[in-house]
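Listing of coords-v6.txt; format and content: compact mmCIF, C-alpha atoms.
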```
# COMPACT_ATOMS: atom_id res chain seq x y z
CA MET A 1 60.56 55.88 -111.44
CA ASP A 2 58.49 52.86 -112.17
CA ARG A 3 55.39 52.63 -110.03
CA ALA A 4 54.42 49.21 -111.39
CA ARG A 5 54.46 46.48 -108.77
CA THR A 6 56.19 43.86 -110.92
CA ARG A 7 58.74 45.83 -112.91
CA THR A 8 62.07 47.36 -111.96
CA ARG A 9 62.59 50.26 -114.26
CA ARG A 10 62.11 53.97 -113.98
CA GLY A 11 61.88 56.47 -116.85
CA ARG A 12 60.72 55.99 -120.42
CA SER A 13 63.00 57.83 -122.88
CA SER A 14 64.29 55.59 -125.66
CA VAL A 15 67.77 55.69 -127.12
CA LEU A 16 66.43 56.68 -130.53
CA ALA A 17 64.31 59.47 -129.08
CA GLY A 18 67.30 60.74 -127.15
CA MET A 19 69.52 60.79 -130.23
CA LEU A 20 66.94 62.66 -132.27
CA ALA A 21 66.32 65.13 -129.46
CA ALA A 22 70.02 65.76 -128.99
CA PHE A 23 70.70 66.47 -132.64
CA GLY A 24 67.52 68.50 -132.97
CA LEU A 25 68.56 70.72 -130.12
CA ALA A 26 72.17 71.08 -131.20
CA VAL A 27 71.58 74.45 -132.87
CA ALA A 28 69.17 75.80 -130.31
CA GLY A 29 71.73 77.03 -127.79
CA LEU A 30 71.25 77.43 -124.05
CA ALA A 31 69.65 80.38 -122.33
CA THR A 32 71.25 81.71 -119.19
CA GLY A 33 69.67 83.36 -116.22
CA GLY A 34 70.08 84.32 -112.63
CA VAL A 35 70.68 81.79 -109.91
CA GLY A 36 68.80 81.21 -106.73
CA SER A 37 68.65 78.66 -103.96
CA ALA A 38 66.47 77.77 -101.05
CA ASP A 39 67.58 75.59 -98.17
CA ALA A 40 64.70 73.52 -96.80
CA ARG A 41 63.56 73.45 -93.20
CA ASP A 42 61.16 71.30 -91.27
CA ALA A 43 57.53 71.89 -92.22
CA GLY A 44 56.28 71.17 -88.74
CA ALA A 45 54.33 68.39 -87.08
CA PRO A 46 51.41 66.59 -88.72
CA GLY A 47 47.87 67.32 -87.71
CA GLN A 48 48.45 71.00 -87.02
CA GLY A 49 46.77 74.00 -88.60
CA GLN A 50 48.48 76.04 -91.28
CA ALA A 51 49.51 78.88 -88.96
CA GLN A 52 50.98 76.43 -86.44
CA VAL A 53 52.94 74.54 -89.06
CA ARG A 54 54.41 77.76 -90.47
CA ALA A 55 55.17 79.18 -87.03
CA GLN A 56 56.89 76.01 -85.84
CA ALA A 57 59.19 75.51 -88.83
CA GLN A 58 62.47 74.28 -87.41
CA THR A 59 66.01 75.37 -88.22
CA ARG A 60 67.00 71.85 -89.29
CA ALA A 61 68.00 72.19 -92.94
CA VAL A 62 68.79 69.86 -95.80
CA PRO A 63 72.60 69.49 -95.69
CA LYS A 64 74.73 71.57 -98.01
CA HIS A 65 75.61 68.34 -99.79
CA ALA A 66 72.80 65.82 -99.70
CA VAL A 67 71.97 62.30 -100.83
CA THR A 68 68.41 61.62 -101.99
CA GLY A 69 66.92 58.14 -102.18
CA TYR A 70 63.52 56.93 -103.34
CA TRP A 71 61.77 54.51 -101.00
CA GLN A 72 59.43 52.07 -102.71
CA ASN A 73 55.91 51.84 -101.34
CA PHE A 74 55.51 48.52 -103.16
CA ASN A 75 57.30 45.23 -103.72
CA ASN A 76 58.74 44.73 -107.20
CA GLY A 77 61.58 42.36 -106.43
CA ALA A 78 63.88 44.76 -104.62
CA THR A 79 64.43 44.43 -100.89
CA VAL A 80 61.25 45.31 -99.00
CA GLN A 81 62.06 47.98 -96.44
CA ARG A 82 60.17 49.81 -93.78
CA LEU A 83 60.97 53.49 -93.82
CA GLY A 84 62.89 53.13 -90.59
CA GLN A 85 65.23 50.67 -92.32
CA VAL A 86 66.35 53.15 -94.98
CA GLN A 87 70.12 53.47 -94.91
CA ASP A 88 71.51 56.31 -92.81
CA GLN A 89 73.46 57.89 -95.69
CA TYR A 90 70.22 59.22 -97.20
CA ASP A 91 69.43 62.82 -96.23
CA ILE A 92 66.23 63.15 -98.27
CA ILE A 93 63.90 60.17 -98.53
CA ALA A 94 61.29 60.42 -101.27
CA VAL A 95 58.30 58.16 -100.66
CA ALA A 96 57.23 56.71 -104.01
CA PHE A 97 54.47 57.43 -104.84
CA ALA A 98 51.39 59.53 -104.16
CA ASP A 99 48.33 58.36 -106.13
CA ALA A 100 46.09 60.26 -108.50
CA THR A 101 42.39 60.60 -107.70
CA GLY A 102 39.28 61.23 -109.78
CA THR A 103 39.65 64.97 -109.12
CA PRO A 104 42.06 66.83 -111.45
CA GLY A 105 45.28 67.69 -109.64
CA LYS A 106 44.28 66.06 -106.37
CA VAL A 107 46.56 63.37 -104.96
CA THR A 108 46.33 60.94 -102.09
CA PHE A 109 48.65 58.41 -100.48
CA ASN A 110 47.92 54.74 -99.83
CA LEU A 111 50.45 52.73 -97.87
CA ASP A 112 50.89 49.29 -99.44
CA SER A 113 50.65 47.49 -96.12
CA ALA A 114 50.07 44.08 -97.71
CA GLY A 115 52.98 44.40 -100.13
CA LEU A 116 55.26 45.59 -97.33
CA GLY A 117 54.62 42.68 -95.00
CA GLY A 118 51.90 44.18 -92.83
CA TYR A 119 53.54 47.58 -92.33
CA THR A 120 50.92 49.77 -90.67
CA VAL A 121 50.15 53.45 -91.14
CA ALA A 122 50.93 54.06 -87.48
CA GLN A 123 54.35 52.45 -87.88
CA PHE A 124 54.97 54.42 -91.05
CA LYS A 125 54.16 57.74 -89.37
CA ALA A 126 56.37 56.83 -86.41
CA ASP A 127 59.23 56.00 -88.77
CA ILE A 128 58.85 59.37 -90.48
CA LYS A 129 59.17 61.12 -87.13
CA ALA A 130 62.20 59.01 -86.21
CA LYS A 131 63.94 59.83 -89.49
CA GLN A 132 63.25 63.52 -88.97
CA ALA A 133 64.58 63.32 -85.43
CA ALA A 134 67.77 61.90 -86.97
CA GLY A 135 68.03 64.97 -89.20
CA LYS A 136 66.51 63.50 -92.36
CA SER A 137 63.79 64.95 -94.58
CA VAL A 138 60.94 62.71 -95.75
CA ILE A 139 58.91 63.87 -98.74
CA VAL A 140 56.16 62.40 -100.89
CA SER A 141 56.91 61.84 -104.58
CA VAL A 142 54.24 62.53 -107.18
CA GLY A 143 54.37 60.77 -110.52
CA GLY A 144 56.66 57.98 -111.63
CA GLU A 145 56.74 56.27 -115.01
CA ARG A 146 53.06 55.42 -114.86
CA GLY A 147 51.87 58.31 -112.74
CA ALA A 148 48.66 59.91 -113.99
CA VAL A 149 48.63 63.17 -112.04
CA SER A 150 47.75 66.12 -114.28
CA VAL A 151 47.81 69.80 -113.33
CA THR A 152 46.49 71.73 -116.33
CA SER A 153 44.21 74.40 -114.86
CA SER A 154 44.03 76.81 -111.95
CA ALA A 155 41.49 74.56 -110.27
CA ALA A 156 43.80 71.54 -110.64
CA ALA A 157 46.72 73.60 -109.29
CA ALA A 158 44.67 74.49 -106.21
CA ASN A 159 43.66 70.85 -105.77
CA PHE A 160 47.28 69.76 -106.02
CA ALA A 161 48.51 72.27 -103.45
CA ASP A 162 45.65 71.56 -101.04
CA SER A 163 46.00 67.78 -101.26
CA VAL A 164 49.79 67.70 -100.95
CA TYR A 165 49.60 70.01 -97.96
CA ALA A 166 46.94 67.78 -96.43
CA LEU A 167 49.33 64.81 -96.80
CA MET A 168 52.10 66.83 -95.17
CA ARG A 169 49.86 67.47 -92.18
CA GLU A 170 48.51 63.93 -91.99
CA TYR A 171 51.78 62.00 -92.33
CA GLY A 172 54.36 64.61 -91.40
CA PHE A 173 56.00 64.82 -94.83
CA ASP A 174 58.50 67.67 -95.18
CA GLY A 175 57.53 68.40 -98.77
CA VAL A 176 57.07 67.01 -102.25
CA ASP A 177 59.03 65.57 -105.14
CA ILE A 178 57.83 66.24 -108.70
CA ASP A 179 58.48 63.18 -110.88
CA LEU A 180 55.92 63.67 -113.62
CA GLU A 181 57.25 61.72 -116.59
CA ASN A 182 54.21 62.03 -118.82
CA GLY A 183 54.06 65.78 -119.33
CA LEU A 184 54.02 68.89 -117.18
CA ASN A 185 52.32 72.27 -117.63
CA ALA A 186 54.77 74.94 -116.49
CA THR A 187 52.14 77.61 -115.86
CA TYR A 188 49.90 75.57 -113.61
CA MET A 189 52.57 73.49 -111.89
CA THR A 190 54.33 76.72 -110.98
CA GLN A 191 51.03 78.02 -109.64
CA ALA A 192 50.53 74.83 -107.62
CA LEU A 193 54.01 74.84 -106.09
CA LYS A 194 53.89 78.53 -105.20
CA SER A 195 50.55 77.95 -103.49
CA LEU A 196 51.93 74.95 -101.62
CA SER A 197 54.91 77.02 -100.48
CA GLN A 198 52.60 79.69 -99.11
CA LYS A 199 50.76 77.06 -97.11
CA ALA A 200 53.81 75.17 -95.84
CA GLY A 201 56.10 78.13 -95.28
CA PRO A 202 59.91 78.11 -95.43
CA GLY A 203 60.06 74.52 -94.23
CA LEU A 204 59.01 73.11 -97.60
CA VAL A 205 61.43 70.65 -99.18
CA LEU A 206 60.85 70.73 -102.94
CA THR A 207 62.68 68.37 -105.28
CA MET A 208 62.26 67.41 -108.93
CA ALA A 209 63.35 64.36 -110.94
CA PRO A 210 63.06 65.22 -114.64
CA GLN A 211 64.26 62.97 -117.43
CA THR A 212 67.28 64.08 -119.45
CA ILE A 213 65.11 65.26 -122.36
CA ASP A 214 63.23 67.54 -119.94
CA MET A 215 66.33 69.57 -119.10
CA GLN A 216 68.00 70.02 -122.48
CA SER A 217 66.77 73.59 -122.87
CA THR A 218 65.33 76.32 -120.68
CA SER A 219 62.40 76.45 -123.11
CA ASN A 220 61.26 73.02 -121.92
CA ALA A 221 58.29 73.06 -119.53
CA TYR A 222 60.13 71.16 -116.79
CA PHE A 223 63.15 73.46 -116.93
CA ARG A 224 60.89 76.54 -116.99
CA THR A 225 59.06 75.27 -113.93
CA ALA A 226 62.31 74.73 -112.05
CA LEU A 227 63.41 78.27 -112.86
CA ASN A 228 59.99 79.68 -111.98
CA VAL A 229 60.20 78.18 -108.47
CA LYS A 230 63.94 78.44 -107.88
CA ASP A 231 63.34 80.68 -104.87
CA ILE A 232 61.72 77.70 -103.10
CA LEU A 233 63.46 74.83 -104.93
CA THR A 234 65.71 72.49 -102.97
CA VAL A 235 67.22 70.34 -105.71
CA VAL A 236 66.67 68.98 -109.22
CA ASN A 237 67.90 65.37 -109.38
CA MET A 238 67.76 64.65 -113.10
CA GLN A 239 67.47 60.99 -114.14
CA TYR A 240 70.69 60.16 -115.99
CA TYR A 241 69.34 56.77 -117.10
CA ASN A 242 66.80 55.13 -119.41
CA SER A 243 67.95 57.88 -121.76
CA GLY A 244 69.36 58.14 -125.22
CA ALA A 245 72.36 60.25 -126.11
CA MET A 246 71.94 63.90 -125.18
CA LEU A 247 73.60 67.25 -125.69
CA GLY A 248 76.06 68.62 -123.19
CA CYS A 249 76.44 72.32 -122.53
CA ASP A 250 79.28 72.39 -125.08
CA GLY A 251 76.93 71.38 -127.89
CA LYS A 252 78.47 67.91 -128.23
CA VAL A 253 76.43 64.72 -128.00
CA TYR A 254 77.22 62.36 -125.11
CA SER A 255 76.03 58.81 -124.49
CA GLN A 256 74.83 57.70 -121.08
CA GLY A 257 77.04 55.68 -118.80
CA SER A 258 80.08 57.96 -118.63
CA VAL A 259 81.48 60.73 -116.47
CA ASP A 260 81.08 63.09 -119.43
CA PHE A 261 77.36 62.33 -119.69
CA LEU A 262 76.86 63.26 -116.04
CA THR A 263 78.98 66.40 -116.03
CA ALA A 264 78.14 67.86 -119.45
CA LEU A 265 74.40 67.55 -118.83
CA ALA A 266 74.65 68.95 -115.31
CA CYS A 267 76.42 71.90 -116.89
CA ILE A 268 73.28 72.72 -118.89
CA GLN A 269 71.32 73.21 -115.68
CA LEU A 270 74.12 75.18 -114.06
CA GLN A 271 74.49 77.50 -117.03
CA GLY A 272 70.75 77.68 -117.53
CA GLY A 273 69.96 79.38 -114.23
CA LEU A 274 69.87 76.85 -111.41
CA ALA A 275 72.17 77.36 -108.44
CA PRO A 276 74.79 74.64 -107.82
CA SER A 277 72.91 73.78 -104.63
CA GLN A 278 69.88 72.98 -106.79
CA VAL A 279 71.61 70.42 -109.02
CA GLY A 280 72.02 66.74 -108.19
CA ILE A 281 73.02 63.64 -110.16
CA GLY A 282 70.36 60.90 -110.30
CA VAL A 283 71.46 57.34 -111.07
CA PRO A 284 70.25 53.75 -110.44
CA ALA A 285 71.49 52.05 -107.28
CA SER A 286 72.12 48.79 -109.15
CA PRO A 287 71.95 47.45 -112.71
CA ARG A 288 68.50 46.07 -111.91
CA GLY A 289 67.19 49.48 -110.88
CA ALA A 290 66.85 50.75 -114.46
CA GLY A 291 66.70 49.50 -118.02
CA SER A 292 69.91 51.33 -118.95
CA GLY A 293 72.30 53.94 -117.65
CA TYR A 294 73.69 52.25 -114.55
CA VAL A 295 77.15 53.51 -113.66
CA SER A 296 79.43 52.40 -110.86
CA PRO A 297 79.67 54.53 -107.73
CA THR A 298 83.18 55.44 -108.84
CA VAL A 299 81.79 57.19 -111.94
CA VAL A 300 79.35 59.13 -109.78
CA LYS A 301 82.11 60.19 -107.42
CA ASN A 302 84.35 61.25 -110.32
CA ALA A 303 81.53 63.32 -111.82
CA LEU A 304 80.88 65.07 -108.51
CA ASP A 305 84.60 65.78 -108.12
CA CYS A 306 84.76 67.13 -111.67
CA LEU A 307 81.91 69.56 -110.98
CA ALA A 308 82.96 70.53 -107.47
CA ARG A 309 86.75 70.44 -107.72
CA GLY A 310 87.69 70.21 -111.39
CA THR A 311 89.29 66.78 -110.87
CA GLY A 312 88.24 63.33 -112.08
CA CYS A 313 86.80 64.70 -115.34
CA GLY A 314 86.63 62.82 -118.61
CA SER A 315 87.05 64.55 -121.97
CA PHE A 316 84.62 67.27 -120.91
CA LYS A 317 85.74 69.71 -118.25
CA PRO A 318 83.46 72.57 -117.12
CA SER A 319 84.80 76.08 -117.58
CA ARG A 320 84.51 76.61 -113.83
CA THR A 321 83.96 74.56 -110.70
CA TYR A 322 80.78 74.36 -108.66
CA PRO A 323 81.76 73.47 -105.07
CA GLY A 324 78.18 74.05 -103.97
CA ILE A 325 76.81 71.18 -106.07
CA ARG A 326 74.09 69.57 -103.96
CA GLY A 327 74.91 65.89 -104.39
CA ALA A 328 73.37 62.72 -105.77
CA MET A 329 70.12 60.76 -105.95
CA THR A 330 69.34 57.11 -106.54
CA TRP A 331 66.47 54.87 -107.51
CA SER A 332 66.04 53.31 -105.06
CA THR A 333 66.94 52.68 -101.41
CA ASN A 334 65.39 49.24 -101.93
CA TRP A 335 67.58 48.33 -104.92
CA ASP A 336 70.52 49.70 -102.96
CA ALA A 337 69.66 47.38 -100.06
CA LEU A 338 69.39 44.37 -102.38
CA ASN A 339 72.90 45.20 -103.60
CA GLY A 340 74.29 45.27 -100.08
CA SER A 341 73.95 49.07 -99.82
CA ALA A 342 77.05 49.34 -102.02
CA TRP A 343 75.80 52.55 -103.65
CA SER A 344 75.03 54.52 -100.49
CA ASN A 345 78.11 53.21 -98.69
CA ALA A 346 80.30 54.54 -101.49
CA VAL A 347 78.48 57.65 -102.71
CA GLY A 348 77.11 58.86 -99.38
CA PRO A 349 80.41 59.61 -97.61
CA HIS A 350 81.79 61.11 -100.81
CA VAL A 351 78.86 63.51 -101.16
CA HIS A 352 79.08 64.51 -97.51
CA GLY A 353 82.81 65.12 -97.94
CA LEU A 354 82.47 67.55 -100.85
CA PRO A 355 83.86 71.06 -100.23
```
With the file now loaded, output its structure as structure tokens.
Amino acid sequence: MDRARTRTRRGRSSVLAGMLAAFGLAVAGLATGGVGSADARDAGAPGQGQAQVRAQAQTRAVPKHAVTGYWQNFNNGATVQRLGQVQDQYDIIAVAFADATGTPGKVTFNLDSAGLGGYTVAQFKADIKAKQAAGKSVIVSVGGERGAVSVTSSAAAANFADSVYALMREYGFDGVDIDLENGLNATYMTQALKSLSQKAGPGLVLTMAPQTIDMQSTSNAYFRTALNVKDILTVVNMQYYNSGAMLGCDGKVYSQGSVDFLTALACIQLQGGLAPSQVGIGVPASPRGAGSGYVSPTVVKNALDCLARGTGCGSFKPSRTYPGIRGAMTWSTNWDALNGSAWSNAVGPHVHGLP
């Protein structure tokens, strides 16, 4: 996602880079592995000690089929929303973004009160609680197109886990979204997320938003990280936009903007070791939400039906169905609002109606 205050786009893969990557990987093949899943539960109330947070984890879980939306903590031309105004169809709300600090791995969060019309921290915290009372999960997203968070050592991993957990206690966040678009170290990010899980307990909601190039092979650092933490991973919502053509799991090259692009690339993750409940389809909420790759809600619904039911497919049809597919994600709730909430009104009920 784009964290710039005056731009609209998220992601940075070029079409040429995507084409080269796809053809370069065509002979590599796809590794397979075991599957695992972890439903997320409430991490507890803010301001409590670690033992209290772990002990008070609630039974409220992310729905079997869930819709994730990124909420913009800045004004870049999309509709300015307070968190409490986020559309009800969203089950997981990812607050974009946490900020890097001068300490490696450490993050902080700064509410853009001025850019959001005087929205106060107290109001923000109250809105988080209200969303959680309505059964939603609110997490903090780390990264974005211009995010500068780097976790490349054990010390940085500890700083990351400590600082994210501190934000969970301070604001009441249920967990974290990893949206690092400028490189990721699998060894130390795994270390950081395992440490965070130990602190937060079973309530941790952990999502990821890799670019398409990041999930072409299980040898990629992002894919390896997802597999390393699949016992605590909620969902990977890959960005199917701002991408070049990419390989599907059948070894064929697909261009973005089609049902086949969504299903054949999801198949890589499903065959590569992620559980169906850990795979989601990430798309822009409107044509203005990304530089390329926007598809209509109908295409998203067809792709979900293809994966879950074996219907609505294009030329590519998976060898089996995945009725447990988690759902869909969009950038962003704000662009969705500017477009009359057309995306969430169409995709939300469809996701929640999957088998």
*One decimal, Å: what's the distance from atom CA of A:Gly280 over to atom CA of A:Ala166, could you say?*
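So the answer is 27.7 Å.
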*Show which residues sit within 8 Å of A:Ser344, as number ranges by chain. Count all atoms listed in the file, and ignore same-chain residues fewer than 4 positions away.*
A: 87, 89-90, 336, 348-349
Written file, previous selection with C-alpha atoms, as a short mmCIF file (atom, residue, chain, number, x, y, z; two decimals), in the frame of the given file:
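Saved as result-v5.cif:
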```
data_model
loop_
_atom_site.label_atom_id
_atom_site.label_comp_id
_atom_site.auth_asym_id
_atom_site.auth_seq_id
_atom_site.Cartn_x
_atom_site.Cartn_y
_atom_site.Cartn_z
CA GLN A 87 70.12 53.47 -94.91
CA GLN A 89 73.46 57.89 -95.69
CA TYR A 90 70.22 59.22 -97.20
CA ASP A 336 70.52 49.70 -102.96
CA GLY A 348 77.11 58.86 -99.38
CA PRO A 349 80.41 59.61 -97.61
#
```
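With only C-alpha atoms as the atoms that count, the residue of A:Leu83, A:Ile178, A:Leu184, A:Cys267 with the shortest distance to A:Val151 is A:Leu184.
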*Selected residue of minimal separation from A:Asp174 among A:Gly115, A:Leu247, A:Ile93, A:Ala126, counting all atoms listed in the file*: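 Under the stated criterion, the closest residue is A:Ile93.
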*Find the residues with any atom within 10 Å of (66.1, 47.3, -105.0); use only C-alpha atoms and the coordinates as given in the file, and write the answer as a VMD selection string.*
chain A and resid 8 71 to 72 75 to 81 284 to 289 331 to 341
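The closest residue to A:Leu354, picked from A:Lys194, A:Arg309, A:Arg82, A:Arg169 and counting all atoms listed in the file, is A:Arg309.
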*Could you check which of A:Asp99, A:Asp162, A:Asp305, A:Asp91 is closest to A:Gln198, using only C-alpha atoms?*
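Looking at the shortest contact to A:Gln198, the residue is A:Asp162.
Atom CA of A:Lys64 lies 25.1 Å from atom CA of A:Asp214.
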*Expressed in Å to a single decimal, how great is the separation between atom CA of A:Asp260 and atom CA of A:Leu233?*
25.7 Å
*Neighbour residues at most 7 Å from (55.6, 68.3, -102.6) (only C-alpha atoms) as a list in words*: Ile139, Val140, Ser141, Val164, Gly175, Val176, Asp177, Ile178 and Leu206 of chain A
Those same residues, written as a compact mmCIF listing (two decimals), keeping the file's coordinate frame with C-alpha atoms?
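Produced file again.txt, reproduced below:
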```
# COMPACT_ATOMS: atom_id res chain seq x y z
CA ILE A 139 58.91 63.87 -98.74
CA VAL A 140 56.16 62.40 -100.89
CA SER A 141 56.91 61.84 -104.58
CA VAL A 164 49.79 67.70 -100.95
CA GLY A 175 57.53 68.40 -98.77
CA VAL A 176 57.07 67.01 -102.25
CA ASP A 177 59.03 65.57 -105.14
CA ILE A 178 57.83 66.24 -108.70
CA LEU A 206 60.85 70.73 -102.94
```
Give me stretch 87-114 of chain A with N, CA and C atoms filled in, as a PDB file, in the frame of the given file.
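The result, stored in part06.pdb:
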```
ATOM      1  N   GLN A  87      68.736  53.288 -95.284  1.00  0.00           N
ATOM      2  CA  GLN A  87      70.120  53.470 -94.910  1.00  0.00           C
ATOM      3  C   GLN A  87      70.383  54.903 -94.438  1.00  0.00           C
ATOM      4  N   ASP A  88      71.292  55.029 -93.471  1.00  0.00           N
ATOM      5  CA  ASP A  88      71.510  56.310 -92.810  1.00  0.00           C
ATOM      6  C   ASP A  88      72.170  57.350 -93.712  1.00  0.00           C
ATOM      7  N   GLN A  89      72.787  56.937 -94.799  1.00  0.00           N
ATOM      8  CA  GLN A  89      73.460  57.890 -95.690  1.00  0.00           C
ATOM      9  C   GLN A  89      72.477  58.817 -96.407  1.00  0.00           C
ATOM     10  N   TYR A  90      71.200  58.430 -96.466  1.00  0.00           N
ATOM     11  CA  TYR A  90      70.220  59.220 -97.200  1.00  0.00           C
ATOM     12  C   TYR A  90      69.720  60.400 -96.366  1.00  0.00           C
ATOM     13  N   ASP A  91      69.867  61.600 -96.914  1.00  0.00           N
ATOM     14  CA  ASP A  91      69.430  62.820 -96.230  1.00  0.00           C
ATOM     15  C   ASP A  91      67.998  63.187 -96.576  1.00  0.00           C
ATOM     16  N   ILE A  92      67.602  62.917 -97.819  1.00  0.00           N
ATOM     17  CA  ILE A  92      66.230  63.150 -98.270  1.00  0.00           C
ATOM     18  C   ILE A  92      65.668  61.826 -98.737  1.00  0.00           C
ATOM     19  N   ILE A  93      64.558  61.424 -98.159  1.00  0.00           N
ATOM     20  CA  ILE A  93      63.900  60.170 -98.530  1.00  0.00           C
ATOM     21  C   ILE A  93      62.597  60.522 -99.226  1.00  0.00           C
ATOM     22  N   ALA A  94      62.488  60.138-100.488  1.00  0.00           N
ATOM     23  CA  ALA A  94      61.290  60.420-101.270  1.00  0.00           C
ATOM     24  C   ALA A  94      60.413  59.175-101.305  1.00  0.00           C
ATOM     25  N   VAL A  95      59.241  59.287-100.729  1.00  0.00           N
ATOM     26  CA  VAL A  95      58.300  58.160-100.660  1.00  0.00           C
ATOM     27  C   VAL A  95      57.582  58.038-102.002  1.00  0.00           C
ATOM     28  N   ALA A  96      57.745  56.899-102.655  1.00  0.00           N
ATOM     29  CA  ALA A  96      57.230  56.710-104.010  1.00  0.00           C
ATOM     30  C   ALA A  96      56.069  55.680-104.006  1.00  0.00           C
ATOM     31  N   PHE A  97      54.873  56.136-104.316  1.00  0.00           N
ATOM     32  CA  PHE A  97      54.470  57.430-104.840  1.00  0.00           C
ATOM     33  C   PHE A  97      53.124  57.823-104.248  1.00  0.00           C
ATOM     34  N   ALA A  98      52.769  59.121-104.388  1.00  0.00           N
ATOM     35  CA  ALA A  98      51.390  59.530-104.160  1.00  0.00           C
ATOM     36  C   ALA A  98      50.539  59.019-105.320  1.00  0.00           C
ATOM     37  N   ASP A  99      49.240  58.896-105.110  1.00  0.00           N
ATOM     38  CA  ASP A  99      48.330  58.360-106.130  1.00  0.00           C
ATOM     39  C   ASP A  99      47.393  59.443-106.635  1.00  0.00           C
ATOM     40  N   ALA A 100      47.078  59.363-107.921  1.00  0.00           N
ATOM     41  CA  ALA A 100      46.090  60.260-108.500  1.00  0.00           C
ATOM     42  C   ALA A 100      44.699  59.893-107.990  1.00  0.00           C
ATOM     43  N   THR A 101      43.781  60.825-108.077  1.00  0.00           N
ATOM     44  CA  THR A 101      42.390  60.600-107.700  1.00  0.00           C
ATOM     45  C   THR A 101      41.505  60.948-108.895  1.00  0.00           C
ATOM     46  N   GLY A 102      40.209  60.863-108.712  1.00  0.00           N
ATOM     47  CA  GLY A 102      39.280  61.230-109.780  1.00  0.00           C
ATOM     48  C   GLY A 102      39.119  62.724-109.947  1.00  0.00           C
ATOM     49  N   THR A 103      39.727  63.511-109.054  1.00  0.00           N
ATOM     50  CA  THR A 103      39.650  64.970-109.120  1.00  0.00           C
ATOM     51  C   THR A 103      40.932  65.518-109.722  1.00  0.00           C
ATOM     52  N   PRO A 104      40.854  66.315-110.797  1.00  0.00           N
ATOM     53  CA  PRO A 104      42.060  66.830-111.450  1.00  0.00           C
ATOM     54  C   PRO A 104      43.009  67.525-110.470  1.00  0.00           C
ATOM     55  N   GLY A 105      44.258  67.086-110.475  1.00  0.00           N
ATOM     56  CA  GLY A 105      45.280  67.690-109.640  1.00  0.00           C
ATOM     57  C   GLY A 105      45.365  67.144-108.227  1.00  0.00           C
ATOM     58  N   LYS A 106      44.303  66.546-107.749  1.00  0.00           N
ATOM     59  CA  LYS A 106      44.280  66.060-106.370  1.00  0.00           C
ATOM     60  C   LYS A 106      45.015  64.729-106.251  1.00  0.00           C
ATOM     61  N   VAL A 107      45.838  64.610-105.213  1.00  0.00           N
ATOM     62  CA  VAL A 107      46.560  63.370-104.960  1.00  0.00           C
ATOM     63  C   VAL A 107      46.231  62.842-103.569  1.00  0.00           C
ATOM     64  N   THR A 108      46.488  61.566-103.392  1.00  0.00           N
ATOM     65  CA  THR A 108      46.330  60.940-102.090  1.00  0.00           C
ATOM     66  C   THR A 108      47.497  59.984-101.893  1.00  0.00           C
ATOM     67  N   PHE A 109      47.582  59.378-100.730  1.00  0.00           N
ATOM     68  CA  PHE A 109      48.650  58.410-100.480  1.00  0.00           C
ATOM     69  C   PHE A 109      48.049  57.178 -99.822  1.00  0.00           C
ATOM     70  N   ASN A 110      48.411  56.023-100.350  1.00  0.00           N
ATOM     71  CA  ASN A 110      47.920  54.740 -99.830  1.00  0.00           C
ATOM     72  C   ASN A 110      49.100  53.837 -99.523  1.00  0.00           C
ATOM     73  N   LEU A 111      49.361  53.614 -98.256  1.00  0.00           N
ATOM     74  CA  LEU A 111      50.450  52.730 -97.870  1.00  0.00           C
ATOM     75  C   LEU A 111      50.136  51.301 -98.294  1.00  0.00           C
ATOM     76  N   ASP A 112      51.078  50.670 -98.971  1.00  0.00           N
ATOM     77  CA  ASP A 112      50.890  49.290 -99.440  1.00  0.00           C
ATOM     78  C   ASP A 112      51.231  48.322 -98.309  1.00  0.00           C
ATOM     79  N   SER A 113      50.380  48.297 -97.304  1.00  0.00           N
ATOM     80  CA  SER A 113      50.650  47.490 -96.120  1.00  0.00           C
ATOM     81  C   SER A 113      50.830  46.010 -96.462  1.00  0.00           C
ATOM     82  N   ALA A 114      49.984  45.490 -97.349  1.00  0.00           N
ATOM     83  CA  ALA A 114      50.070  44.080 -97.710  1.00  0.00           C
ATOM     84  C   ALA A 114      51.383  43.777 -98.434  1.00  0.00           C
TER      85      ALA A 114
END
```
